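Pasted below: run31.cif, mmCIF, C-alpha atoms.
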data_data
loop_
_atom_site.label_atom_id
_atom_site.label_comp_id
_atom_site.auth_asym_id
_atom_site.auth_seq_id
_atom_site.Cartn_x
_atom_site.Cartn_y
_atom_site.Cartn_z
CA MET J 94 158.54 19.03 59.59
CA LYS J 95 156.77 21.24 57.06
CA SER J 96 156.14 24.89 57.81
CA ILE J 97 153.30 27.37 57.29
CA GLN J 98 154.39 30.97 56.84
CA LEU J 99 151.88 33.56 58.02
CA MET J 100 151.57 37.06 56.57
CA LEU J 101 149.01 39.84 56.53
CA ASP J 102 147.66 41.19 53.26
CA VAL J 103 144.60 42.99 51.90
CA HIS J 104 142.17 40.91 49.86
CA GLU J 105 138.99 42.31 48.32
CA GLY J 106 139.29 45.41 50.47
CA LYS J 107 139.73 43.55 53.78
CA GLU J 108 142.78 42.55 55.76
CA ARG J 109 143.29 38.79 55.86
CA LEU J 110 145.80 36.35 57.33
CA PHE J 111 147.43 34.45 54.44
CA LEU J 112 149.00 31.01 54.73
CA GLN J 113 151.99 30.08 52.56
CA PHE J 114 152.94 26.37 52.45
CA ASP J 115 153.75 23.56 50.05
CA TYR J 116 150.74 21.61 48.86
CA ASP J 117 149.54 18.97 51.30
CA ALA J 118 146.10 17.33 50.96
CA LYS J 119 145.82 16.57 54.68
CA LEU J 120 146.74 20.13 55.62
CA ASN J 121 144.25 21.54 53.11
CA ALA J 122 141.49 19.45 54.68
CA ILE J 123 142.34 20.77 58.15
CA ILE J 124 142.41 24.43 57.08
CA LYS J 125 139.01 24.05 55.39
CA LYS J 126 137.54 23.30 58.83
CA ILE J 127 138.61 26.65 60.24
CA PRO J 128 135.65 29.07 60.29
CA GLY J 129 136.05 31.78 57.66
CA ALA J 130 138.80 29.97 55.70
CA ARG J 131 138.82 30.96 52.02
CA TRP J 132 140.92 30.08 48.99
CA SER J 133 142.27 32.95 46.89
CA SER J 134 142.45 31.99 43.22
CA SER J 135 144.48 35.08 42.39
CA LYS J 136 147.08 34.64 45.16
CA LYS J 137 146.91 30.82 45.20
CA LYS J 138 146.81 30.80 49.00
CA TRP J 139 144.43 30.06 51.84
CA HIS J 140 143.48 33.07 53.95
CA LEU J 141 141.73 33.46 57.32
CA PHE J 142 140.16 36.17 59.45
CA PRO J 143 143.09 37.82 61.31
CA SER J 144 142.34 37.31 65.00
CA ASN J 145 144.05 35.81 68.01
CA GLN J 146 141.38 33.10 68.21
CA THR J 147 142.01 32.10 64.59
CA TYR J 148 145.76 32.00 65.23
CA LEU J 149 145.32 29.77 68.30
CA LEU J 150 142.95 27.45 66.46
CA LEU J 151 145.38 27.13 63.54
CA LYS J 152 148.19 26.20 65.93
CA GLN J 153 145.97 23.72 67.73
CA LEU J 154 144.76 21.94 64.58
CA THR J 155 148.11 21.79 62.81
CA GLY J 156 150.44 21.35 65.79
CA ASN J 157 151.31 17.71 65.02
CA ILE J 158 151.78 18.25 61.29
CA VAL J 159 153.60 21.53 60.65
CA SER J 160 155.42 24.32 62.45
CA ILE J 161 154.01 27.85 62.37
CA ASP J 162 156.38 30.53 61.05
CA ASP J 163 154.82 33.81 62.22
CA ALA J 164 157.97 35.97 61.98
CA THR J 165 156.72 37.87 58.91
CA MET J 166 153.31 38.49 60.45
CA ARG J 167 154.82 39.78 63.69
CA LYS J 168 157.22 42.05 61.79
CA GLN J 169 154.27 43.48 59.85
CA ILE J 170 152.40 44.17 63.09
CA ASN J 171 155.44 45.86 64.65
CA ASP J 172 156.12 47.91 61.50
CA ARG J 173 152.54 49.17 61.45
CA LYS J 174 152.76 50.08 65.09
CA ARG J 175 155.95 52.05 64.44
CA GLU J 176 154.37 53.76 61.42
CA ALA J 177 151.45 54.81 63.59
CA GLU J 178 153.88 56.32 66.07
CA VAL J 179 155.76 58.16 63.30
CA ASP J 180 152.42 59.49 62.03
CA ARG J 181 152.07 61.24 65.35
CA GLY J 182 155.07 63.36 64.35
CA LEU J 183 157.50 61.94 66.91
CA SER J 184 161.15 62.03 65.86
CA ASP J 185 163.37 58.97 65.51
CA LYS J 186 165.31 60.21 68.56
CA THR J 187 162.21 60.28 70.76
CA LEU J 188 160.89 56.97 69.41
CA GLN J 189 164.21 55.27 70.04
CA GLN J 190 164.28 56.46 73.63
CA LEU J 191 160.69 55.27 74.11
CA HIS J 192 161.42 51.84 72.61
CA THR J 193 164.51 51.48 74.81
CA PHE J 194 162.35 52.20 77.86
CA LEU J 195 159.68 49.68 76.83
CA LYS J 196 162.35 47.02 76.31
CA TRP J 197 163.62 47.79 79.81
CA MET J 198 160.10 47.27 81.19
CA GLU J 199 159.89 43.91 79.40
CA GLN J 200 163.21 42.81 80.90
CA LYS J 201 161.99 43.85 84.34
CA ARG J 202 158.98 41.60 83.70
CA TYR J 203 156.29 44.24 83.94
CA SER J 204 152.97 42.82 82.79
CA LYS J 205 151.93 43.33 79.17
CA GLN J 206 148.96 45.41 80.28
CA THR J 207 151.17 47.70 82.40
CA ILE J 208 153.57 48.16 79.48
CA ARG J 209 150.69 49.03 77.14
CA ASN J 210 149.28 51.52 79.65
CA TYR J 211 152.64 53.25 80.14
CA GLU J 212 153.27 53.33 76.40
CA ASN J 213 149.89 54.95 75.73
CA HIS J 214 150.40 57.56 78.45
CA LEU J 215 153.85 58.47 77.17
CA LEU J 216 152.78 58.64 73.52
CA GLN J 217 149.95 61.02 74.41
CA PHE J 218 152.23 63.21 76.52
CA LEU J 219 155.14 63.29 74.06
CA THR J 220 152.83 63.98 71.11
CA TYR J 221 151.15 66.81 72.99
CA CYS J 222 154.55 68.43 73.63
CA LEU J 223 155.65 68.42 69.98
CA PRO J 224 157.80 69.74 68.39
CA ALA J 225 159.95 69.55 71.54
CA GLU J 226 162.11 66.44 71.94
CA TRP J 227 161.73 64.21 74.99
CA ASN J 228 164.92 65.52 76.65
CA GLN J 229 163.81 69.15 76.30
CA LEU J 230 160.72 68.69 78.48
CA SER J 231 160.36 69.62 82.15
CA GLU J 232 157.86 69.17 84.97
CA ALA J 233 156.17 72.37 83.75
CA ASP J 234 155.14 70.50 80.57
CA VAL J 235 153.55 67.77 82.70
CA ASP J 236 151.61 70.43 84.65
CA ARG J 237 150.50 72.00 81.36
CA PHE J 238 149.34 68.61 80.01
CA ASN J 239 147.40 67.92 83.21
CA SER J 240 145.76 71.34 83.08
CA GLU J 241 144.96 71.57 79.36
CA VAL J 242 144.20 67.91 78.63
CA VAL J 243 143.37 65.94 81.77
CA ILE J 244 141.43 68.50 83.79
CA ALA J 245 140.00 70.40 80.79
CA ASN J 246 138.53 67.17 79.40
CA GLY J 247 137.30 65.86 82.73
CA LEU J 248 139.58 62.81 82.74
CA SER J 249 139.75 60.79 85.95
CA VAL J 250 142.18 61.16 88.83
CA SER J 251 143.35 57.59 88.17
CA TYR J 252 144.24 58.58 84.60
CA GLN J 253 146.24 61.55 85.87
CA ARG J 254 148.03 59.39 88.44
CA GLY J 255 148.87 56.87 85.71
CA LEU J 256 150.22 59.59 83.44
CA VAL J 257 152.47 61.08 86.12
CA GLY J 258 153.64 57.60 87.14
CA ALA J 259 154.56 56.75 83.54
CA VAL J 260 156.48 60.01 83.07
CA LYS J 261 158.37 59.54 86.35
CA LEU J 262 159.41 55.99 85.55
CA PHE J 263 160.38 56.88 81.97
CA TYR J 264 162.63 59.77 82.96
CA SER J 265 164.08 57.87 85.92
CA GLN J 266 165.62 55.50 83.36
CA CYS J 267 166.95 58.29 81.11
CA ALA J 268 169.98 60.56 81.36
CA ASP J 269 170.58 64.15 80.17
CA HIS J 270 167.10 65.60 80.54
CA LYS J 271 165.49 68.62 82.22
CA MET J 272 162.73 66.77 84.11
CA ASN J 273 162.90 67.37 87.88
CA LEU J 274 161.41 64.12 89.18
CA GLU J 275 161.13 65.39 92.76
CA LYS J 276 158.68 68.05 91.62
CA LEU J 277 156.45 65.56 89.82
CA GLN J 278 153.61 64.87 92.24
CA ARG J 279 150.66 62.57 91.71
CA PRO J 280 147.22 63.91 92.70
CA PHE J 281 145.56 62.49 95.79
CA LYS J 282 144.08 59.09 95.13
CA GLU J 283 140.30 58.97 95.01
CA SER J 284 138.75 57.12 97.93
CA ARG J 285 135.86 55.17 96.46
CA LEU J 286 134.13 52.19 97.99
CA PRO J 287 133.67 49.21 95.68
CA GLU J 288 130.19 48.07 94.70
CA VAL J 289 129.21 44.89 96.52
CA LEU J 290 126.42 42.35 96.03
CA SER J 291 124.64 40.72 98.95
CA LYS J 292 124.86 36.93 99.30
CA GLU J 293 121.27 36.73 98.10
CA GLU J 294 122.10 38.75 94.99
CA VAL J 295 125.14 36.57 94.22
CA GLN J 296 122.93 33.50 94.53
CA GLN J 297 120.36 35.04 92.18
CA VAL J 298 123.00 35.86 89.58
CA ILE J 299 124.57 32.39 89.63
CA ASN J 300 121.20 30.61 89.54
CA ALA J 301 120.10 32.82 86.65
CA THR J 302 123.05 31.48 84.64
CA GLY J 303 121.70 28.44 82.81
CA ASN J 304 124.83 27.33 80.94
CA ILE J 305 126.83 24.97 83.22
CA LYS J 306 130.16 26.32 81.97
CA HIS J 307 129.12 29.91 82.63
CA LYS J 308 127.69 28.96 86.02
CA ALA J 309 130.98 27.29 86.95
CA LEU J 310 133.00 30.33 85.82
CA LEU J 311 130.99 32.83 87.89
CA SER J 312 130.85 30.50 90.90
CA LEU J 313 134.61 29.98 90.90
CA THR J 314 135.26 33.72 90.59
CA TYR J 315 133.09 34.40 93.65
CA SER J 316 134.10 31.29 95.62
CA CYS J 317 137.82 32.13 95.51
CA GLY J 318 137.71 35.91 95.13
CA LEU J 319 139.88 35.77 92.01
CA ARG J 320 140.59 38.42 89.43
CA ILE J 321 139.08 37.41 86.10
CA GLY J 322 142.52 37.14 84.51
CA GLU J 323 143.45 34.62 87.23
CA VAL J 324 140.30 32.61 86.57
CA LEU J 325 140.89 32.42 82.83
CA SER J 326 144.56 31.48 83.32
CA LEU J 327 143.72 28.44 85.47
CA ARG J 328 144.86 25.16 84.00
CA LEU J 329 143.34 21.79 84.78
CA ASN J 330 146.38 20.74 86.81
CA ASP J 331 146.05 23.81 89.05
CA LEU J 332 143.11 22.13 90.83
CA ASP J 333 144.36 20.05 93.77
CA LYS J 334 141.33 18.15 95.06
CA GLN J 335 143.41 16.10 97.50
CA ARG J 336 144.66 19.18 99.37
CA ARG J 337 141.44 21.12 98.58
CA LEU J 338 143.42 23.98 97.10
CA ILE J 339 143.53 25.87 93.81
CA ARG J 340 146.94 27.15 92.74
CA ILE J 341 147.10 30.65 91.30
CA VAL J 342 150.29 30.88 89.24
CA GLN J 343 152.19 34.14 88.72
CA ALA J 344 149.28 36.44 89.39
CA LYS J 345 149.50 40.21 89.84
CA GLY J 346 152.90 41.11 91.25
CA LYS J 347 154.42 37.91 89.81
CA LYS J 348 153.31 35.92 92.86
CA ASP J 349 151.95 32.42 93.31
CA ARG J 350 149.30 31.77 95.92
CA TYR J 351 146.57 29.29 96.85
CA ALA J 352 142.81 29.67 97.02
CA PRO J 353 140.39 27.35 98.88
CA TYR J 354 138.75 24.60 96.83
CA SER J 355 135.40 24.15 98.57
CA ASP J 356 133.23 21.03 98.37
CA SER J 357 130.42 22.93 96.62
CA LEU J 358 132.79 24.33 94.01
CA ARG J 359 134.40 20.93 93.44
CA LYS J 360 130.99 19.33 92.79
CA LEU J 361 130.02 22.12 90.39
CA LEU J 362 133.29 21.92 88.45
CA ARG J 363 132.94 18.14 88.22
CA ALA J 364 129.42 18.56 86.79
CA TYR J 365 130.77 21.11 84.32
CA TYR J 366 133.59 18.83 83.19
CA ASP J 367 131.32 15.78 82.87
CA LYS J 368 128.62 17.57 80.86
CA TRP J 369 130.62 19.99 78.72
CA GLU J 370 131.71 19.13 75.18
CA PRO J 371 134.35 19.47 73.95
CA LYS J 372 136.29 18.82 77.15
CA PRO J 373 138.82 21.49 78.11
CA LYS J 374 142.32 20.29 77.27
CA GLU J 375 144.63 22.82 78.89
CA PHE J 376 142.78 25.70 80.50
CA LEU J 377 139.84 25.12 82.82
CA PHE J 378 137.74 27.49 80.70
CA GLU J 379 138.47 27.48 76.97
CA GLY J 380 137.04 29.24 73.96
CA GLN J 381 135.00 27.60 71.23
CA TYR J 382 138.15 26.67 69.32
CA GLY J 383 140.46 26.11 72.24
CA GLY J 384 142.82 28.49 74.00
CA ARG J 385 141.90 30.77 76.89
CA TYR J 386 138.32 31.93 77.26
CA THR J 387 138.20 35.69 76.68
CA GLU J 388 137.50 38.31 79.33
CA ARG J 389 134.94 39.94 77.06
CA SER J 390 132.96 36.70 76.80
CA ALA J 391 133.06 36.27 80.58
CA ALA J 392 131.87 39.87 81.08
CA LEU J 393 128.95 39.30 78.71
CA VAL J 394 127.98 36.15 80.62
CA LEU J 395 127.76 38.13 83.86
CA LYS J 396 125.91 41.04 82.26
CA HIS J 397 123.26 38.71 80.84
CA SER J 398 122.67 37.08 84.23
CA VAL J 399 122.58 40.41 86.11
CA ASP J 400 120.06 41.78 83.59
CA LYS J 401 117.87 38.70 84.09
CA CYS J 402 117.87 39.36 87.84
CA LYS J 403 116.99 43.04 87.26
CA ILE J 404 119.78 44.13 89.62
CA LYS J 405 120.36 47.86 89.20
CA LYS J 406 123.84 48.04 90.76
CA ARG J 407 126.85 48.49 88.51
CA VAL J 408 128.12 44.91 88.50
CA THR J 409 131.37 43.74 86.91
CA LEU J 410 133.36 40.55 87.27
CA HIS J 411 135.52 42.33 89.85
CA THR J 412 132.34 42.94 91.88
CA LEU J 413 132.29 39.21 92.63
CA ARG J 414 135.80 39.52 94.09
CA HIS J 415 134.75 42.51 96.20
CA SER J 416 131.67 40.62 97.36
CA PHE J 417 133.76 37.56 98.32
CA ALA J 418 136.05 39.67 100.53
CA THR J 419 133.19 41.59 102.13
CA HIS J 420 131.17 38.47 102.91
CA LEU J 421 134.23 36.81 104.50
CA LEU J 422 134.79 39.88 106.67
CA GLU J 423 131.14 39.99 107.70
CA SER J 424 131.29 36.32 108.70
CA GLY J 425 134.21 37.03 111.05
CA THR J 426 137.22 35.94 108.95
CA ASP J 427 140.45 37.59 110.09
CA ILE J 428 141.44 40.33 107.65
CA ARG J 429 144.99 38.92 107.43
CA TYR J 430 143.60 35.72 105.92
CA ILE J 431 141.51 37.76 103.51
CA GLN J 432 144.64 39.67 102.48
CA GLU J 433 146.41 36.39 101.71
CA LEU J 434 143.45 35.01 99.75
CA LEU J 435 143.17 38.16 97.64
CA GLY J 436 146.93 38.31 97.00
CA HIS J 437 147.32 41.86 98.35
CA ASN J 438 150.85 43.04 99.15
CA SER J 439 149.72 45.45 101.84
CA PRO J 440 146.99 45.09 104.48
CA LYS J 441 146.08 48.71 103.67
CA THR J 442 144.62 47.52 100.36
CA THR J 443 142.48 44.93 102.12
CA MET J 444 141.33 47.37 104.80
CA ILE J 445 138.95 49.00 102.32
CA TYR J 446 136.56 46.12 102.97
CA THR J 447 136.21 47.19 106.59
CA HIS J 448 134.52 50.31 105.21
CA VAL J 449 132.35 48.35 102.78
CA SER J 450 131.10 45.77 105.27
CA SER J 451 127.54 46.66 106.22
CA LYS J 452 127.03 44.17 109.06
CA LYS J 453 128.40 46.18 111.97
CA ILE J 454 127.28 49.50 110.54
CA SER J 455 123.72 48.26 110.16
CA GLU J 456 123.71 47.12 113.81
CA ILE J 457 124.48 50.63 115.12
CA LYS J 458 121.44 52.16 116.72
CA SER J 459 120.59 55.57 115.33
CA PRO J 460 119.76 58.35 117.83
CA LEU J 461 116.68 58.97 115.72
CA ASP J 462 115.25 55.74 117.14
CA ASP J 463 115.11 57.39 120.57
CA LEU J 464 112.90 60.22 119.33
CA GLU J 465 109.16 60.31 118.91
CA ILE J 466 108.52 61.52 115.39
CA HIS J 467 104.94 62.35 114.38
CA PHE J 468 103.94 61.95 110.74
#

Do you think you could lay out the structure here as structure tokens?
Amino acid sequence: MKSIQLMLDVHEGKERLFLQFDYDAKLNAIIKKIPGARWSSSKKKWHLFPSNQTYLLLKQLTGNIVSIDDATMRKQINDRKREAEVDRGLSDKTLQQLHTFLKWMEQKRYSKQTIRNYENHLLQFLTYCLPAEWNQLSEADVDRFNSEVVIANGLSVSYQRGLVGAVKLFYSQCADHKMNLEKLQRPFKESRLPEVLSKEEVQQVINATGNIKHKALLSLTYSCGLRIGEVLSLRLNDLDKQRRLIRIVQAKGKKDRYAPYSDSLRKLLRAYYDKWEPKPKEFLFEGQYGGRYTERSAALVLKHSVDKCKIKKRVTLHTLRHSFATHLLESGTDIRYIQELLGHNSPKTTMIYTHVSSKKISEIKSPLDDLEIHF
């Protein structure tokens, strides 16, 4: 099988994704169909806009013809990342220790997002403490960072908790350092109630969504109380209409679970599949050129519908999940079932919805009702 080698290069002042391969008329015709594809007369190569969507589309269109060799491209990306870290002034010794820690996180199967978050926290902390090396730092440096950076700049409690958590985990995997982990304390967690929509507001938002694909996406998110990442990771074979279940594979915490597949949702998803072109091939919701639908696109869909309904609450895709849990609780569903449906490890996490639920609170008679107030 022929191969296409991918590499990044600058062309006419812009970064482009270049394709190196032996001439093939059929392959040329396919690449021409990719949006933004251009031929460079000077480099004698095709080049594309460097994005994940372009990469996925290229793999999809050429999968039966050639293999994709992206080793050079990935090395370029990693080299640039390392150069950016060096530009911060961090020494090779500190960078090596950081990279060893990140590799350890990968082997422990931490999620990519968690690894990115920890890396960013540690880079900010270690850069702030320059010129000191990582093994010369102590808990006093963490306190100083929290005081002079976090608190002074009004950063959130959740950011501070994340920073301390990253530092504790990093140093717990290192030897020969001065950091006293027992003295590293996270600040108290903020107790904030999630924003919740009423059933009527959810209905308004979904009905205001004209596109059948978008309507199906928002309805499924609310119907099953899923995180948006779980929705966008659903594959066609995860829908079990015989058992009336939807399988959520390796969600947060590396756990599988099931969500209910209601009759209303099944009818809506069938209408979506019958009407939508092109048909999804792998994921239930796919982008314009295949591959997973993006979270940003899903967020924009919801924002547009909420704006049409003139709802003034701060509504995100996670609000639909909060609303699902709250509405179940208000309808009398046992909180242990809600915990299972949401995929929470601890019932304490689910208990927050007992504070959000307005049904019982609204039924409490105020002592003011017993008074005669003249106005």

Expected selection from the PyMOL selection byres ((chain J and resi 394-410) around 7), given as a PDB file with C-alpha atoms, keeping the file's coordinate frame:
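Writing the result to selection_36.pdb gives the following:
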ATOM      1  CA  GLN J 297     120.360  35.040  92.180  1.00  0.00           C
ATOM      2  CA  VAL J 298     123.000  35.860  89.580  1.00  0.00           C
ATOM      3  CA  ALA J 301     120.100  32.820  86.650  1.00  0.00           C
ATOM      4  CA  THR J 302     123.050  31.480  84.640  1.00  0.00           C
ATOM      5  CA  HIS J 307     129.120  29.910  82.630  1.00  0.00           C
ATOM      6  CA  ILE J 321     139.080  37.410  86.100  1.00  0.00           C
ATOM      7  CA  SER J 390     132.960  36.700  76.800  1.00  0.00           C
ATOM      8  CA  ALA J 391     133.060  36.270  80.580  1.00  0.00           C
ATOM      9  CA  ALA J 392     131.870  39.870  81.080  1.00  0.00           C
ATOM     10  CA  LEU J 393     128.950  39.300  78.710  1.00  0.00           C
ATOM     11  CA  HIS J 411     135.520  42.330  89.850  1.00  0.00           C
ATOM     12  CA  THR J 412     132.340  42.940  91.880  1.00  0.00           C
ATOM     13  CA  LEU J 413     132.290  39.210  92.630  1.00  0.00           C
TER      14      LEU J 413
END

Enclose segment 306-312 of chain J, meaning all of its atoms listed in the file, in a box aligned along x, y and z, pad it by 6 Å on each side, and list the centre and edge lengths in Å to one decimal, as lines of an AutoDock Vina configuration file.
center_x = 130.3
center_y = 29.6
center_z = 86.4
size_x = 17.3
size_y = 18.5
size_z = 20.9

Query raised in the report: Excluding same-chain residues fewer than 6 positions from segment 135-137 of chain J, what lies within 12 Å of it counting only C-alpha atoms, as an MDAnalysis selection string?
Result: chainID J and resid 102:105 111:116

Query raised in the report: atom CA of Leu195 of chain J to atom CA of Asp349 of chain J: how many Å, to one decimal?
Result: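 Spanning atom CA of Leu195 of chain J to atom CA of Asp349 of chain J is a straight-line distance of 25.1 Å.
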
Requested in this report: Would you list the residues near (137.9, 21.2, 74.2), meaning any protein, DNA or RNA residue with an atom at most 10 Å from that point in file coordinates, counting all atoms listed in the file, as a PyMOL selection string?
Outcome: chain J and resi 369-384

Requested in this report: Do a neighbour search on Asn273 of chain J at 7 Å with only C-alpha atoms, toss out local chain neighbours closer than 3 positions, and write the hits as a list in words.
Outcome: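 Result of the neighbour search: Ser231, Glu232, Lys276 and Leu277 of chain J.
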
Residue IDs satisfying the PyMOL selection byres ((chain J and resi 323) around 10), as a PDB file with C-alpha atoms, keeping the file's coordinate frame:
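Generated output (selection33.pdb):
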ATOM      1  CA  THR J 314     135.260  33.720  90.590  1.00  0.00           C
ATOM      2  CA  GLY J 318     137.710  35.910  95.130  1.00  0.00           C
ATOM      3  CA  LEU J 319     139.880  35.770  92.010  1.00  0.00           C
ATOM      4  CA  ARG J 320     140.590  38.420  89.430  1.00  0.00           C
ATOM      5  CA  ILE J 321     139.080  37.410  86.100  1.00  0.00           C
ATOM      6  CA  GLY J 322     142.520  37.140  84.510  1.00  0.00           C
ATOM      7  CA  VAL J 324     140.300  32.610  86.570  1.00  0.00           C
ATOM      8  CA  LEU J 325     140.890  32.420  82.830  1.00  0.00           C
ATOM      9  CA  SER J 326     144.560  31.480  83.320  1.00  0.00           C
ATOM     10  CA  LEU J 327     143.720  28.440  85.470  1.00  0.00           C
ATOM     11  CA  ARG J 340     146.940  27.150  92.740  1.00  0.00           C
ATOM     12  CA  ILE J 341     147.100  30.650  91.300  1.00  0.00           C
ATOM     13  CA  VAL J 342     150.290  30.880  89.240  1.00  0.00           C
ATOM     14  CA  GLN J 343     152.190  34.140  88.720  1.00  0.00           C
ATOM     15  CA  ALA J 344     149.280  36.440  89.390  1.00  0.00           C
ATOM     16  CA  LYS J 345     149.500  40.210  89.840  1.00  0.00           C
TER      17      LYS J 345
END

Report task. Output the residue selection produced by the PyMOL selection byres ((chain J and resi 216) around 10) on the file above, formatted as a list in words. Result ->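 This file gives the following for the PyMOL selection byres ((chain J and resi 216) around 10): Glu178, Arg181, Leu183, Thr187, Leu188, Leu191, Tyr211, Glu212, Asn213, His214, Leu215, Gln217, Phe218, Leu219, Thr220, Tyr221 and Cys222 of chain J.
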
Requested in this report: In Å, rounded to a single decimal, give me how far atom CA of Arg336 of chain J is from atom CA of Pro353 of chain J.
Outcome: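 Atom CA of Arg336 of chain J lies at a distance of 9.2 Å from atom CA of Pro353 of chain J.
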
Query - One-decimal distance in Å that lies between atom CA of Glu294 of chain J and atom CA of Lys441 of chain J - result: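 According to the coordinates, atom CA of Lys441 of chain J and atom CA of Glu294 of chain J are separated by 27.4 Å.
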
Report task. Counting only C-alpha atoms, figure out which residue out of J:Ile170, J:Ile161, J:Leu329, J:Leu361 gets nearest to Leu313 of chain J. Result ->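 Smallest separation from Leu313 of chain J among the options: J:Leu361.
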
Query raised in the report: Hey, which of J:Arg350, J:Arg337, J:Lys186, J:Lys308 ends up closest to Leu435 of chain J? Count all atoms listed in the file.
Result: J:Arg350
